[in-house]
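Raw contents of final.txt, compact mmCIF, C-alpha atoms and all ligand atoms:
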# COMPACT_ATOMS: atom_id res chain seq x y z
CA MET H 1 -22.56 -102.73 75.19
CA SER H 2 -20.11 -105.38 76.35
CA HIS H 3 -17.45 -106.49 73.88
CA ILE H 4 -17.44 -110.00 75.33
CA MET H 5 -18.81 -112.64 72.97
CA PRO H 6 -21.97 -113.85 74.71
CA THR H 7 -21.04 -117.55 74.90
CA TYR H 8 -21.97 -117.63 78.60
CA GLY H 9 -25.13 -116.61 80.42
CA ARG H 10 -23.47 -114.67 83.21
CA LEU H 11 -24.86 -113.75 86.59
CA PRO H 12 -24.85 -110.02 87.41
CA VAL H 13 -21.90 -110.12 89.81
CA SER H 14 -18.12 -109.74 89.50
CA PHE H 15 -15.66 -110.87 92.10
CA THR H 16 -12.56 -108.91 92.94
CA LYS H 17 -11.00 -110.97 95.69
CA GLY H 18 -10.91 -114.55 96.90
CA GLU H 19 -9.52 -116.31 99.94
CA GLY H 20 -10.14 -119.93 100.93
CA VAL H 21 -13.81 -120.76 100.40
CA TYR H 22 -14.85 -117.10 100.17
CA LEU H 23 -15.16 -114.54 97.39
CA TRP H 24 -15.86 -110.81 97.58
CA ASP H 25 -17.70 -108.82 94.90
CA THR H 26 -17.16 -105.27 93.67
CA GLU H 27 -19.43 -104.00 96.49
CA GLY H 28 -17.36 -105.79 99.12
CA GLN H 29 -20.04 -108.41 99.81
CA GLN H 30 -18.83 -111.86 100.86
CA TYR H 31 -19.94 -115.12 99.20
CA LEU H 32 -19.39 -118.79 99.98
CA ASP H 33 -18.04 -120.57 96.89
CA ALA H 34 -19.59 -124.04 96.92
CA LEU H 35 -18.38 -124.65 93.35
CA SER H 36 -14.63 -123.88 93.54
CA GLY H 37 -14.84 -122.11 90.17
CA ILE H 38 -16.06 -125.27 88.48
CA ALA H 39 -14.07 -127.86 90.42
CA VAL H 40 -10.94 -125.80 89.86
CA CYS H 41 -9.95 -124.10 93.13
CA ASN H 42 -10.01 -127.37 95.07
CA ILE H 43 -7.64 -126.08 97.76
CA GLY H 44 -9.40 -122.71 98.00
CA HIS H 45 -8.88 -119.34 96.40
CA THR H 46 -5.42 -117.72 96.47
CA HIS H 47 -3.82 -120.53 98.45
CA PRO H 48 -0.59 -118.96 99.77
CA ARG H 49 1.58 -121.90 98.68
CA VAL H 50 0.30 -121.68 95.12
CA VAL H 51 0.56 -117.89 95.09
CA ASP H 52 4.18 -118.14 96.29
CA ALA H 53 5.06 -120.78 93.70
CA ILE H 54 3.60 -118.66 90.90
CA CYS H 55 5.29 -115.43 92.05
CA GLN H 56 8.62 -117.18 92.46
CA GLN H 57 8.43 -118.85 89.08
CA ALA H 58 7.14 -115.73 87.30
CA GLY H 59 10.16 -113.83 88.54
CA THR H 60 12.57 -116.59 87.52
CA LEU H 61 11.43 -118.09 84.20
CA MET H 62 7.96 -118.05 82.71
CA HIS H 63 8.35 -119.76 79.36
CA THR H 64 10.88 -121.60 77.22
CA SER H 65 8.71 -123.89 74.95
CA ASN H 66 8.80 -127.65 74.73
CA LEU H 67 11.84 -127.60 72.45
CA TYR H 68 13.89 -127.76 75.67
CA GLY H 69 13.77 -129.62 78.93
CA ILE H 70 11.48 -128.08 81.57
CA GLU H 71 12.42 -128.96 85.15
CA GLN H 72 9.03 -128.08 86.65
CA GLN H 73 7.29 -130.24 84.04
CA GLU H 74 9.59 -133.20 84.79
CA ALA H 75 8.92 -132.80 88.52
CA LEU H 76 5.16 -132.62 87.97
CA ALA H 77 5.20 -135.66 85.72
CA ASP H 78 7.11 -137.62 88.39
CA ARG H 79 4.59 -136.65 91.07
CA LEU H 80 1.56 -137.52 88.91
CA ALA H 81 3.10 -140.80 87.77
CA GLU H 82 3.77 -141.77 91.38
CA LYS H 83 0.21 -141.00 92.50
CA SER H 84 -1.50 -142.66 89.53
CA GLY H 85 0.84 -145.47 88.48
CA MET H 86 0.74 -144.04 84.94
CA GLU H 87 3.95 -143.91 82.91
CA HIS H 88 4.08 -141.01 80.47
CA ILE H 89 2.33 -137.64 80.53
CA PHE H 90 1.51 -135.02 77.92
CA PHE H 91 0.69 -131.57 79.29
CA SER H 92 -1.95 -129.29 77.78
CA ASN H 93 -3.68 -126.09 78.84
CA SER H 94 -7.22 -127.35 79.37
CA GLY H 95 -9.42 -130.38 79.78
CA ALA H 96 -10.64 -130.35 76.20
CA GLU H 97 -7.07 -130.37 74.94
CA ALA H 98 -6.16 -133.22 77.27
CA ASN H 99 -9.08 -135.19 75.80
CA GLU H 100 -8.05 -134.25 72.25
CA ALA H 101 -4.68 -135.83 72.98
CA ALA H 102 -6.44 -138.96 74.26
CA ILE H 103 -8.67 -139.15 71.17
CA LYS H 104 -5.73 -138.73 68.81
CA LEU H 105 -3.81 -141.35 70.74
CA ALA H 106 -6.70 -143.84 70.51
CA ARG H 107 -6.91 -143.31 66.75
CA LYS H 108 -3.19 -143.83 66.24
CA TYR H 109 -3.35 -146.92 68.45
CA GLY H 110 -6.10 -148.22 66.15
CA HIS H 111 -4.13 -147.52 63.01
CA SER H 112 -1.13 -149.34 64.48
CA LYS H 113 -3.41 -152.41 64.71
CA GLY H 114 -4.51 -152.00 61.08
CA ILE H 115 -7.91 -150.45 61.86
CA LYS H 116 -8.56 -147.80 59.21
CA THR H 117 -11.58 -146.16 60.83
CA PRO H 118 -10.83 -146.40 64.56
CA THR H 119 -13.91 -145.75 66.65
CA ILE H 120 -14.26 -144.72 70.30
CA ILE H 121 -17.18 -145.67 72.55
CA VAL H 122 -18.55 -142.62 74.42
CA MET H 123 -21.46 -142.24 76.83
CA GLU H 124 -24.83 -140.53 76.89
CA SER H 125 -24.90 -137.41 79.09
CA SER H 126 -21.10 -137.23 79.11
CA PHE H 127 -19.08 -134.03 78.88
CA HIS H 128 -15.60 -133.92 77.37
CA GLY H 129 -15.12 -130.33 76.17
CA ARG H 130 -15.96 -127.83 73.42
CA THR H 131 -13.44 -128.47 70.65
CA MET H 132 -14.81 -130.28 67.59
CA ALA H 133 -13.69 -133.77 68.60
CA THR H 134 -14.51 -133.41 72.29
CA LEU H 135 -17.85 -131.79 71.44
CA THR H 136 -18.63 -134.83 69.31
CA ALA H 137 -17.63 -137.11 72.19
CA THR H 138 -19.90 -135.13 74.52
CA GLY H 139 -23.30 -136.75 75.04
CA ASN H 140 -25.43 -133.64 74.94
CA ARG H 141 -27.28 -132.85 71.70
CA LYS H 142 -27.87 -129.24 72.79
CA ALA H 143 -24.12 -128.58 72.86
CA GLN H 144 -23.72 -130.01 69.34
CA VAL H 145 -26.59 -128.40 67.46
CA GLY H 146 -25.39 -125.90 64.88
CA PHE H 147 -21.87 -127.28 64.73
CA GLU H 148 -22.40 -130.14 62.32
CA PRO H 149 -20.66 -131.79 60.57
CA LEU H 150 -19.42 -133.46 63.73
CA VAL H 151 -16.30 -135.63 63.81
CA SER H 152 -16.70 -139.26 62.80
CA GLY H 153 -15.35 -142.23 64.73
CA PHE H 154 -17.55 -142.24 67.85
CA VAL H 155 -20.28 -144.65 68.98
CA ARG H 156 -22.56 -143.70 71.85
CA VAL H 157 -24.03 -145.97 74.52
CA PRO H 158 -25.99 -145.27 77.72
CA TYR H 159 -23.83 -144.57 80.81
CA ASN H 160 -23.66 -147.33 83.39
CA ASP H 161 -24.84 -149.97 80.91
CA ILE H 162 -22.42 -152.86 80.37
CA GLU H 163 -24.74 -154.82 78.10
CA ALA H 164 -24.85 -151.95 75.60
CA ILE H 165 -21.05 -152.08 75.38
CA GLN H 166 -21.02 -155.84 74.96
CA ASN H 167 -23.42 -155.45 72.05
CA VAL H 168 -21.12 -152.91 70.40
CA ALA H 169 -18.18 -155.26 70.96
CA LYS H 170 -20.00 -158.02 69.09
CA ASN H 171 -20.97 -155.89 66.11
CA ASN H 172 -18.26 -153.29 65.61
CA LYS H 173 -14.72 -154.40 64.82
CA ASP H 174 -13.45 -150.81 64.58
CA ILE H 175 -13.63 -150.03 68.31
CA VAL H 176 -10.28 -149.04 69.79
CA ALA H 177 -11.19 -147.39 73.10
CA ILE H 178 -13.82 -146.46 75.67
CA LEU H 179 -13.84 -142.85 76.91
CA VAL H 180 -15.70 -142.49 80.21
CA GLU H 181 -16.05 -140.22 83.24
CA PRO H 182 -15.73 -142.26 86.47
CA VAL H 183 -18.39 -139.91 87.86
CA GLN H 184 -20.30 -137.79 85.35
CA GLY H 185 -20.16 -134.13 86.34
CA GLU H 186 -22.02 -131.93 83.85
CA GLY H 187 -24.33 -134.84 83.08
CA GLY H 188 -25.88 -134.56 86.55
CA VAL H 189 -23.34 -135.91 89.07
CA ARG H 190 -24.03 -139.51 88.09
CA VAL H 191 -22.19 -142.17 90.08
CA PRO H 192 -22.13 -145.53 88.29
CA THR H 193 -23.12 -148.71 90.12
CA MET H 194 -20.34 -150.66 91.85
CA GLY H 195 -18.41 -152.83 89.45
CA TYR H 196 -19.07 -150.69 86.38
CA LEU H 197 -15.51 -149.48 85.85
CA GLU H 198 -14.17 -152.93 86.70
CA SER H 199 -16.38 -154.40 83.97
CA LEU H 200 -15.21 -151.76 81.51
CA ARG H 201 -11.62 -152.67 82.37
CA GLU H 202 -12.33 -156.33 81.72
CA ILE H 203 -14.06 -155.66 78.39
CA CYS H 204 -11.16 -153.45 77.29
CA ASP H 205 -8.64 -156.15 78.24
CA ASN H 206 -10.58 -158.85 76.38
CA ASN H 207 -10.88 -156.75 73.22
CA GLU H 208 -7.53 -154.93 73.33
CA TRP H 209 -9.28 -151.59 73.66
CA LEU H 210 -7.89 -148.68 75.62
CA LEU H 211 -9.77 -147.69 78.76
CA MET H 212 -9.63 -143.89 78.81
CA VAL H 213 -10.98 -142.13 81.91
CA ASP H 214 -11.81 -138.44 81.79
CA GLU H 215 -10.95 -137.22 85.28
CA VAL H 216 -10.88 -133.56 84.33
CA GLN H 217 -13.55 -132.88 86.97
CA SER H 218 -13.27 -135.89 89.28
CA GLY H 219 -9.47 -135.95 89.59
CA ILE H 220 -6.97 -134.31 91.96
CA GLY H 221 -8.59 -135.43 95.19
CA ARG H 222 -12.11 -134.15 94.69
CA THR H 223 -13.86 -137.50 95.20
CA GLY H 224 -11.74 -138.50 98.20
CA LYS H 225 -8.96 -140.28 96.31
CA TRP H 226 -6.34 -138.71 94.09
CA PHE H 227 -8.29 -140.03 91.11
CA ALA H 228 -11.90 -141.25 91.17
CA HIS H 229 -11.12 -144.53 89.39
CA GLN H 230 -8.92 -145.48 92.36
CA HIS H 231 -12.08 -146.12 94.41
CA CYS H 232 -12.47 -149.37 92.47
CA GLY H 233 -8.85 -150.39 92.21
CA ILE H 234 -8.59 -150.47 88.42
CA LYS H 235 -5.92 -148.80 86.34
CA PRO H 236 -6.84 -147.06 83.09
CA ASP H 237 -4.66 -146.96 79.98
CA VAL H 238 -5.29 -143.25 79.52
CA MET H 239 -6.40 -140.63 82.03
CA THR H 240 -7.06 -136.95 81.42
CA LEU H 241 -6.83 -134.19 84.02
CA ALA H 242 -7.22 -130.44 84.13
CA LYS H 243 -9.57 -128.42 86.35
CA GLY H 244 -8.14 -128.92 89.85
CA LEU H 245 -4.58 -129.53 88.74
CA GLY H 246 -3.51 -125.89 88.74
CA ASN H 247 -6.06 -124.55 91.26
CA GLY H 248 -6.81 -121.75 88.76
CA MET H 249 -3.63 -121.79 86.71
CA PRO H 250 -4.65 -123.28 83.32
CA ILE H 251 -3.10 -126.72 82.89
CA GLY H 252 -4.30 -130.10 81.66
CA ALA H 253 -2.68 -133.49 81.30
CA CYS H 254 -3.05 -136.74 79.38
CA LEU H 255 -1.47 -139.65 81.27
CA VAL H 256 -0.80 -143.00 79.63
CA ALA H 257 0.15 -146.51 80.72
CA GLY H 258 0.55 -150.01 79.27
CA PRO H 259 -0.50 -150.27 75.62
CA ALA H 260 -0.98 -146.48 75.37
CA VAL H 261 2.72 -145.85 76.04
CA GLY H 262 4.79 -145.02 72.98
CA VAL H 263 1.81 -144.44 70.68
CA LEU H 264 2.34 -140.70 70.30
CA VAL H 265 5.92 -139.85 69.34
CA ALA H 266 7.85 -136.77 68.23
CA GLY H 267 5.92 -134.86 65.60
CA ASN H 268 2.55 -136.46 66.44
CA HIS H 269 1.27 -133.95 68.93
CA GLY H 270 2.24 -130.76 70.71
CA SER H 271 1.34 -127.54 72.46
CA THR H 272 3.16 -124.22 72.60
CA PHE H 273 2.09 -123.42 76.16
CA GLY H 274 1.45 -126.92 77.49
CA GLY H 275 3.50 -127.85 80.54
CA GLY H 276 5.23 -124.49 80.80
CA PRO H 277 7.28 -123.65 83.89
CA LEU H 278 4.69 -121.29 85.39
CA ALA H 279 1.69 -123.65 85.15
CA CYS H 280 3.76 -126.61 86.34
CA ALA H 281 5.14 -124.68 89.32
CA ALA H 282 1.55 -123.97 90.38
CA ALA H 283 0.49 -127.60 89.90
CA ASN H 284 3.48 -128.90 91.86
CA ALA H 285 2.46 -126.66 94.77
CA VAL H 286 -1.16 -127.87 94.52
CA LEU H 287 -0.08 -131.52 94.78
CA ASP H 288 2.18 -130.71 97.76
CA VAL H 289 -0.64 -128.95 99.61
CA ILE H 290 -3.08 -131.83 99.04
CA LYS H 291 -0.54 -134.43 100.12
CA GLU H 292 0.77 -132.61 103.19
CA GLY H 293 -2.72 -131.63 104.34
CA GLU H 294 -4.12 -135.13 103.72
CA LEU H 295 -6.89 -133.36 101.85
CA CYS H 296 -8.08 -136.45 99.96
CA LYS H 297 -9.06 -138.03 103.27
CA GLN H 298 -10.66 -134.77 104.34
CA ALA H 299 -12.64 -134.56 101.09
CA ALA H 300 -13.93 -138.12 101.59
CA GLU H 301 -15.00 -137.42 105.19
CA LEU H 302 -16.56 -134.04 104.48
CA GLY H 303 -18.36 -135.46 101.46
CA LEU H 304 -19.96 -138.20 103.59
CA TYR H 305 -20.96 -135.65 106.22
CA ILE H 306 -22.59 -133.38 103.62
CA LEU H 307 -24.46 -136.28 101.98
CA ASP H 308 -25.71 -137.49 105.38
CA GLN H 309 -26.88 -134.01 106.32
CA PHE H 310 -28.78 -133.55 103.07
CA LYS H 311 -30.32 -137.00 103.32
CA ALA H 312 -31.50 -136.31 106.86
CA ARG H 313 -32.78 -132.81 106.23
CA LEU H 314 -34.40 -133.39 102.85
CA ALA H 315 -35.83 -136.86 103.57
CA ASP H 316 -39.43 -135.62 103.59
CA ASN H 317 -39.13 -133.15 100.73
CA THR H 318 -41.26 -134.38 97.86
CA HIS H 319 -39.31 -132.31 95.31
CA VAL H 320 -36.07 -134.18 96.00
CA LYS H 321 -35.76 -137.31 93.85
CA ASP H 322 -32.21 -138.34 94.67
CA ILE H 323 -29.20 -137.22 96.70
CA ARG H 324 -25.92 -138.66 95.48
CA GLY H 325 -22.24 -138.05 95.16
CA LYS H 326 -18.69 -139.18 95.63
CA GLY H 327 -16.54 -137.14 98.00
CA LEU H 328 -17.05 -133.49 97.15
CA MET H 329 -18.93 -134.06 93.90
CA ILE H 330 -22.48 -133.79 95.18
CA GLY H 331 -25.77 -133.76 93.29
CA ILE H 332 -29.35 -133.23 94.47
CA GLU H 333 -31.82 -134.28 91.79
CA LEU H 334 -35.10 -132.38 91.83
CA ASP H 335 -38.47 -133.31 90.33
CA GLN H 336 -38.41 -130.16 88.16
CA ASP H 337 -36.03 -127.98 86.21
CA ALA H 338 -34.79 -125.29 88.56
CA PRO H 339 -32.10 -123.16 86.92
CA HIS H 340 -33.44 -120.11 88.82
CA LEU H 341 -32.04 -121.52 92.05
CA VAL H 342 -28.54 -120.45 91.04
CA ARG H 343 -29.47 -116.77 91.07
CA ALA H 344 -31.59 -117.15 94.20
CA ALA H 345 -28.62 -118.76 95.98
CA LEU H 346 -26.37 -115.91 94.94
CA GLU H 347 -28.71 -113.09 95.86
CA GLU H 348 -30.51 -114.48 98.89
CA HIS H 349 -27.86 -116.67 100.46
CA LYS H 350 -24.59 -115.25 99.09
CA LEU H 351 -23.86 -118.79 97.97
CA LEU H 352 -22.36 -120.00 94.67
CA ILE H 353 -23.96 -123.22 93.42
CA ASN H 354 -24.72 -124.73 90.05
CA VAL H 355 -27.68 -126.49 88.48
CA THR H 356 -26.74 -128.97 85.77
CA ALA H 357 -28.70 -131.28 83.46
CA GLY H 358 -31.68 -128.99 84.17
CA ASN H 359 -32.74 -130.38 87.51
CA VAL H 360 -29.63 -131.38 89.46
CA ILE H 361 -28.18 -129.01 92.04
CA ARG H 362 -24.44 -129.55 91.76
CA LEU H 363 -22.07 -128.74 94.61
CA LEU H 364 -18.29 -128.90 94.19
CA PRO H 365 -17.01 -127.33 97.41
CA PRO H 366 -13.29 -126.87 98.01
CA MET H 367 -11.45 -129.62 99.89
CA ILE H 368 -10.38 -127.16 102.59
CA MET H 369 -13.99 -126.37 103.60
CA THR H 370 -14.63 -126.65 107.36
CA HIS H 371 -17.68 -128.33 108.86
CA ALA H 372 -19.03 -124.93 109.92
CA GLN H 373 -18.71 -123.65 106.36
CA ALA H 374 -20.31 -126.86 105.07
CA ASP H 375 -23.23 -126.26 107.45
CA GLN H 376 -23.61 -122.75 106.05
CA MET H 377 -23.74 -124.25 102.52
CA ILE H 378 -26.20 -126.99 103.58
CA ASP H 379 -28.49 -124.44 105.31
CA GLY H 380 -28.56 -122.31 102.16
CA VAL H 381 -29.26 -125.18 99.79
CA CYS H 382 -31.99 -126.65 102.03
CA ALA H 383 -33.65 -123.23 102.32
CA LEU H 384 -33.61 -122.89 98.53
CA ILE H 385 -35.17 -126.32 98.00
CA GLU H 386 -37.88 -125.45 100.52
CA THR H 387 -38.99 -122.59 98.24
CA LEU H 388 -39.93 -125.02 95.45
C1 LIG H 401 -14.77 -129.34 82.29
C2 LIG H 401 -14.60 -130.66 81.70
C3 LIG H 401 -13.92 -130.83 80.47
C4 LIG H 401 -13.43 -129.66 79.64
O1 LIG H 401 -12.41 -128.96 80.26
P1 LIG H 401 -12.01 -127.50 79.70
O2 LIG H 401 -10.82 -127.13 80.53
O3 LIG H 401 -13.19 -126.60 79.92
O4 LIG H 401 -11.69 -127.66 78.27
C5 LIG H 401 -13.72 -132.12 80.01
N1 LIG H 401 -14.17 -133.18 80.70
C6 LIG H 401 -14.84 -133.06 81.87
C7 LIG H 401 -15.28 -134.29 82.59
C8 LIG H 401 -15.08 -131.80 82.40
O5 LIG H 401 -15.76 -131.68 83.55

So, in terms of C-alpha cells, how does the structure I just supplied come out?
Ligand SMILES: *Cc1c(COP(=O)(O)O)cnc(C)c1O
Amino acid sequence: MSHIMPTYGRLPVSFTKGEGVYLWDTEGQQYLDALSGIAVCNIGHTHPRVVDAICQQAGTLMHTSNLYGIEQQEALADRLAEKSGMEHIFFSNSGAEANEAAIKLARKYGHSKGIKTPTIIVMESSFHGRTMATLTATGNRKAQVGFEPLVSGFVRVPYNDIEAIQNVAKNNKDIVAILVEPVQGEGGVRVPTMGYLESLREICDNNEWLLMVDEVQSGIGRTGKWFAHQHCGIKPDVMTLAKGLGNGMPIGACLVAGPAVGVLVAGNHGSTFGGGPLACAAANAVLDVIKEGELCKQAAELGLYILDQFKARLADNTHVKDIRGKGLMIGIELDQDAPHLVRAALEEHKLLINVTAGNVIRLLPPMIMTHAQADQMIDGVCALIETL
C-alpha cells in the first residue's frame, strides 16, 4: 500500500509535533524521546533558537552553492575549529558523506607517500554509514550481505585491542589510517578501556598514519565534552561529525588537522548542498545554545546520574549483564536479544528507546533533559527490564 521503499522496519506511530524532550503522535498522545531522533535533536525538538535561525535564513538566502563564499559556513567552521583545535573543515549533508570524505582523504594521503593500495584499519562492530565505502568500513556483516563486491582497502581488527593493531603495523606496509569511533554507538554503546585512544594516537604517530575519529554520534556534546575524544586529551588528524550538529537540519562535517591539512584540494571533492547557508545557520545556533547553556557539563552530570540510578536499581536483575556509557550515550546489555522492548516501551510507557546489537538497550536522551524527565525514562526502562 505504502509507496515508501521498505528499507526500515517502522513502528506503527507517526509524530506530528515535538517540543523539548517530548513528541506528540497523530492521536495527540505524548511521548518521552529518550533517543533524540538517533542522537540528532541533542538540544531538544524545535528549539526556539534553531527554529528562529532557520526561519530567518530561509527568508534571506537558502542556497548559493560552493562556487561562492558562504558567510554562515565560514562562521561555523571558525566555531568548530575553535572548539576542536582542528584546522580545515569540509561540510557534507550526512555522517556517511563526512566519512566518505575522510576515506578519500586517507587514500590521497597514502598516494602522496607513494603507497599504491592505501589501506585503512577499521574495527569490528563499528558503524560508519550506508554508502559503499562506509558500508565496507562498517563492522557488521549483516549490513554488508547482498552488496558485494565491497570496496577494497580496509583491514578489520577487534575494537579496543591494541595488540591486533600492532600486528597489522608489523605486517602491512599499506596502512595509511585508523578509522575509529571513540565510543561505539550502533555496535552496542561500547566504551573502550582507558588509554585506548591514547595508544592509537601513539601508533599513528610512530607509523605516520592518520588517526580518524568518527564522532558522528558521539560528537557535539553528547558524551559530556564537545567531542568524545577530548575525554582523553588526544587530538585526531581527522574527525567526522553529523547527527547532533544541525539538531535535525541535515549537515555533516569532516575536520582535519596536522598531516591531513592540504591533502584534498580544489577538484578533489565536493558537494552541491554541503555547507549551505540554511544548514549552517541552524548549526551555528545549535553551537551557541550548547555553549551558552553549558550543556556539555549538564550532559556529563546527567549521564552520571542516570548510570548511577540504573546501577542501583538493576543491581539484582539477573538479565542485566552490563550497564555502561559516557555522558548521554547509555547502554544496558541484557543476557538475551530483546528487540521487542522497543515496541513495549512505545506502547506501554510512551517512551522512545532503541535496542542495538540485538541485546543492548540504547538511550541517547537530549542534553536538555531534566532530572524529573530522566527519572520518568529510568522508571520506564526498569519496568521493561523487569518483564524479561
Ligand atoms: C549514524 C552514524 C553514521 C552515519 O550517518 P548518516 O547521517 O546516517 O549517514 C556514521 N557513523 C556513526 C558513528 C554513526 O552513528

- Message: Counting all atoms listed in the file, what are the residues, protein, DNA or RNA alike, that approach ligand LIG 401 (chain H) to within 7 Å? I want them as a ChimeraX atom specification.
- Response: /H:94-97,99,127-130,181,184-186,214-217,242-243

Long-range neighbours of Gln373 in chain H as an mmCIF file with C-alpha atoms, keeping the file's coordinate frame, 12 Å cut-off, all atoms listed in the file, 3 positions minimum in chain:
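Result file is result10.cif:
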data_model
loop_
_atom_site.group_PDB
_atom_site.id
_atom_site.type_symbol
_atom_site.label_atom_id
_atom_site.label_comp_id
_atom_site.auth_asym_id
_atom_site.auth_seq_id
_atom_site.Cartn_x
_atom_site.Cartn_y
_atom_site.Cartn_z
ATOM 1 C CA GLY H 20 -10.140 -119.930 100.930
ATOM 2 C CA VAL H 21 -13.810 -120.760 100.400
ATOM 3 C CA TYR H 22 -14.850 -117.100 100.170
ATOM 4 C CA TYR H 31 -19.940 -115.120 99.200
ATOM 5 C CA LEU H 32 -19.390 -118.790 99.980
ATOM 6 C CA ASP H 33 -18.040 -120.570 96.890
ATOM 7 C CA ALA H 34 -19.590 -124.040 96.920
ATOM 8 C CA LEU H 302 -16.560 -134.040 104.480
ATOM 9 C CA ILE H 306 -22.590 -133.380 103.620
ATOM 10 C CA LEU H 351 -23.860 -118.790 97.970
ATOM 11 C CA PRO H 365 -17.010 -127.330 97.410
ATOM 12 C CA PRO H 366 -13.290 -126.870 98.010
ATOM 13 C CA MET H 367 -11.450 -129.620 99.890
ATOM 14 C CA ILE H 368 -10.380 -127.160 102.590
ATOM 15 C CA MET H 369 -13.990 -126.370 103.600
ATOM 16 C CA THR H 370 -14.630 -126.650 107.360
ATOM 17 C CA GLN H 376 -23.610 -122.750 106.050
ATOM 18 C CA MET H 377 -23.740 -124.250 102.520
ATOM 19 C CA ILE H 378 -26.200 -126.990 103.580
ATOM 20 C CA ASP H 379 -28.490 -124.440 105.310
ATOM 21 C CA GLY H 380 -28.560 -122.310 102.160
#

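Considering the residues H:Glu301, H:Asp288, H:Glu348, H:Glu198 and counting all atoms listed in the file, Arg79 in chain H has its shortest atom-to-atom contact with H:Asp288.
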
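Between CA of Asn284 in chain H and CA of Cys55 in chain H there is a distance of 13.6 Å.
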
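Interatomic distance, CA of Asn66 in chain H to CA of Tyr109 in chain H: 23.6 Å.
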
- Item | Shortest interatomic distance to Ile121 in chain H - which of H:Asp205, H:Glu333, H:Glu71, H:Asp174, counting all atoms listed in the file | H:Asp174

- Message: Set the distance at 10 Å and use all atoms listed in the file: which residues neighbour Asn268 in chain H once local chain neighbours fewer than 6 positions away are removed? I'd like the list as an MDAnalysis selection string.
- Response: chainID H and resid 101 104:105 108

Write the selection just made, keeping C-alpha atoms, as a CSV table (one decimal), in the frame of the given file?
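Written file, again15.csv:
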chain,number,residue,atom,x,y,z
H,101,ALA,CA,-4.7,-135.8,73.0
H,104,LYS,CA,-5.7,-138.7,68.8
H,105,LEU,CA,-3.8,-141.4,70.7
H,108,LYS,CA,-3.2,-143.8,66.2

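Within 9 Å of the file-frame point (6.0, -120.2, 81.7), and using all atoms listed in the file, the polymer residues found are Gln57, Ala58, Leu61, Met62, His63, Thr64, Ser65, Phe273, Gly275, Gly276, Pro277, Leu278, Ala279, Cys280 and Ala281 of chain H.
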
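The gap separating CA of Ala177 in chain H from CA of Met212 in chain H is 6.9 Å, in Å to one decimal.
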
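In terms of minimum interatomic distance to Asp52 in chain H, H:Ala282 ranks closest within H:Ala282, H:Ala345, H:Ala374, H:Ala299, counting only C-alpha atoms.
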
- Query: Looking at all atoms listed in the file, which of H:Leu11, H:Met86, H:Leu295, H:Ala253 is the one that sits closest to Gly270 in chain H?
  - Reply: H:Ala253

- Nearest to Pro12 in chain H, restricted to only C-alpha atoms and choosing among H:Lys297, H:Arg201, H:His229, H:Arg343, comes out as H:Arg343

- Message: Excluding Gly244 in chain H and its own-chain neighbours fewer than 3 positions away, which residues fall within 12 Å of it when counting only C-alpha atoms? Please give them as an MDAnalysis selection string.
- Response: chainID H and resid 35:45 94:95 215:223 226:227 240:241 247:253 282:287 290 364:367

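Closest approach to Pro182 in chain H among H:Ala53, H:Val145, H:Leu210, H:Ile234 is made by H:Ile234 (distances from all atoms listed in the file).
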
- Message: Counting only C-alpha atoms, I want the residues whose atoms come within 10 Å of (-19.5, -111.7, 92.0) in the file frame, returned as a VMD selection string.
- Response: chain H and resid 11 to 17 23 to 31 346 350 352
